[in-house]
Every structure is written in C-alpha cells, then in structure tokens.
Amino acid sequence: MTVDSTRTETVTETEKSTDGISITPGAAAKVRSLLEQEGRDDLALRIAVQPGGCSGLRYQLFFDERSLDGDEIKDFDGVNVVVDRMSLPYLGGATIDFVDTIEKQGFTIDNPMATGSCACGDSFH
C-alpha cells in the first residue's frame, strides 16, 4: 500500500500565503510562458534551498516532473509550485517575483526568513 502525503493547495493571484511561498502574477505569467515554449504541461516550478554560496544556503528554481514524498504543491492560477519538506522551513512567507529591467532580468525571492545574505546576493543565511 502506498500513501500519498503530497498536499495540494490552490491560491488565487491576489491571495498571499504566509505559511509557505507565494508567487506574483508577473512571475506566474513568466512561468506559464516558459512552459508553453517548452511544450510541456506536466512540469511544475520546484523551489529548493540547498547548501552553498558564501552565506551557507542557496535557492534553486527549476522545472520538475517528479513528485516527492512530503512535497507541498500550490497552484497559483494554473502554475504548480512545489517545495520539498526540507526546504519548507526556510521559505515561510517567501514571495517569488519576476523582474525585467535594464539592470536585471530573472526570478527573485523575497524571503522574510533570511537573516542576511552575501555581498553578491547569491546566497543567504
């Protein structure tokens, strides 16, 4: 007998999750666009916290088709965002956004759980 402990929660664009992660409408639109370019509707955006960088921890964002035991899955207006159970404690209240300016283009994470970061901004603690 297998037990599926994966939890799925649906969150509207204007609703913000304080116990987990949230994603802005702009970031969700960018993820949808990237998935359309890939021609895949079976992928989710996985956010993980891994050891590394100058400050000790580093974010990883990537598309994933896997479902791991203990994953938390949230649907943000058609975009599935997955966080593994080991990363969840580091991402409470974090917001994922997509920035497209002259200085910078890419996904950003505003994480109230981070107490500091390195000078290059690539890692946190």
# chains A, B, ... in the order shown; residues from 1 in each chain; ligands from 1
call {"tool": "residues_around", "arguments": {"residues": "region 19-31 of chain A", "least_positions_apart": "2", "cutoff": "9 Å", "atoms": "only C-alpha atoms", "output": "PyMOL selection string"}}
result
chain A and resi 11+13-17+33-36+45+72+74+76-79+81+83+88-89+91-99+107+111
call {"tool": "closest_residue", "arguments": {"among": "A:Thr101, A:Ala114, A:Gln37, A:Ile47", "to": "Asp64 (chain A)", "atoms": "only C-alpha atoms"}}
result
A:Ile47
call {"tool": "atom_distance", "arguments": {"atom1": "CA of Gln60 (chain A)", "atom2": "CA of Asp42 (chain A)"}}
result
19.2 Å
call {"tool": "closest_residue", "arguments": {"among": "A:Phe62, A:Asp100, A:Ser87, A:Asn80", "to": "Met113 (chain A)", "atoms": "only C-alpha atoms"}}
result
A:Ser87
call {"tool": "atom_distance", "arguments": {"atom1": "CA of Pro112 (chain A)", "atom2": "CA of Tyr90 (chain A)"}}
result
9.2 Å
call {"tool": "atom_distance", "arguments": {"atom1": "CA of Ile109 (chain A)", "atom2": "CA of Leu43 (chain A)"}}
result
20.2 Å
call {"tool": "select_by_dssp", "arguments": {"residues": "region 2-109 of chain A", "states": "strand (DSSP E)", "output": "VMD selection string"}}
result
chain A and resid 7 to 11 22 to 23 44 to 51 57 to 64 72 to 76 79 to 83 95 to 100 105 to 109
call {"tool": "closest_residue", "arguments": {"among": "A:Pro51, A:Gln105, A:Arg46, A:Tyr59", "to": "Asp71 (chain A)", "atoms": "only C-alpha atoms"}}
result
A:Arg46
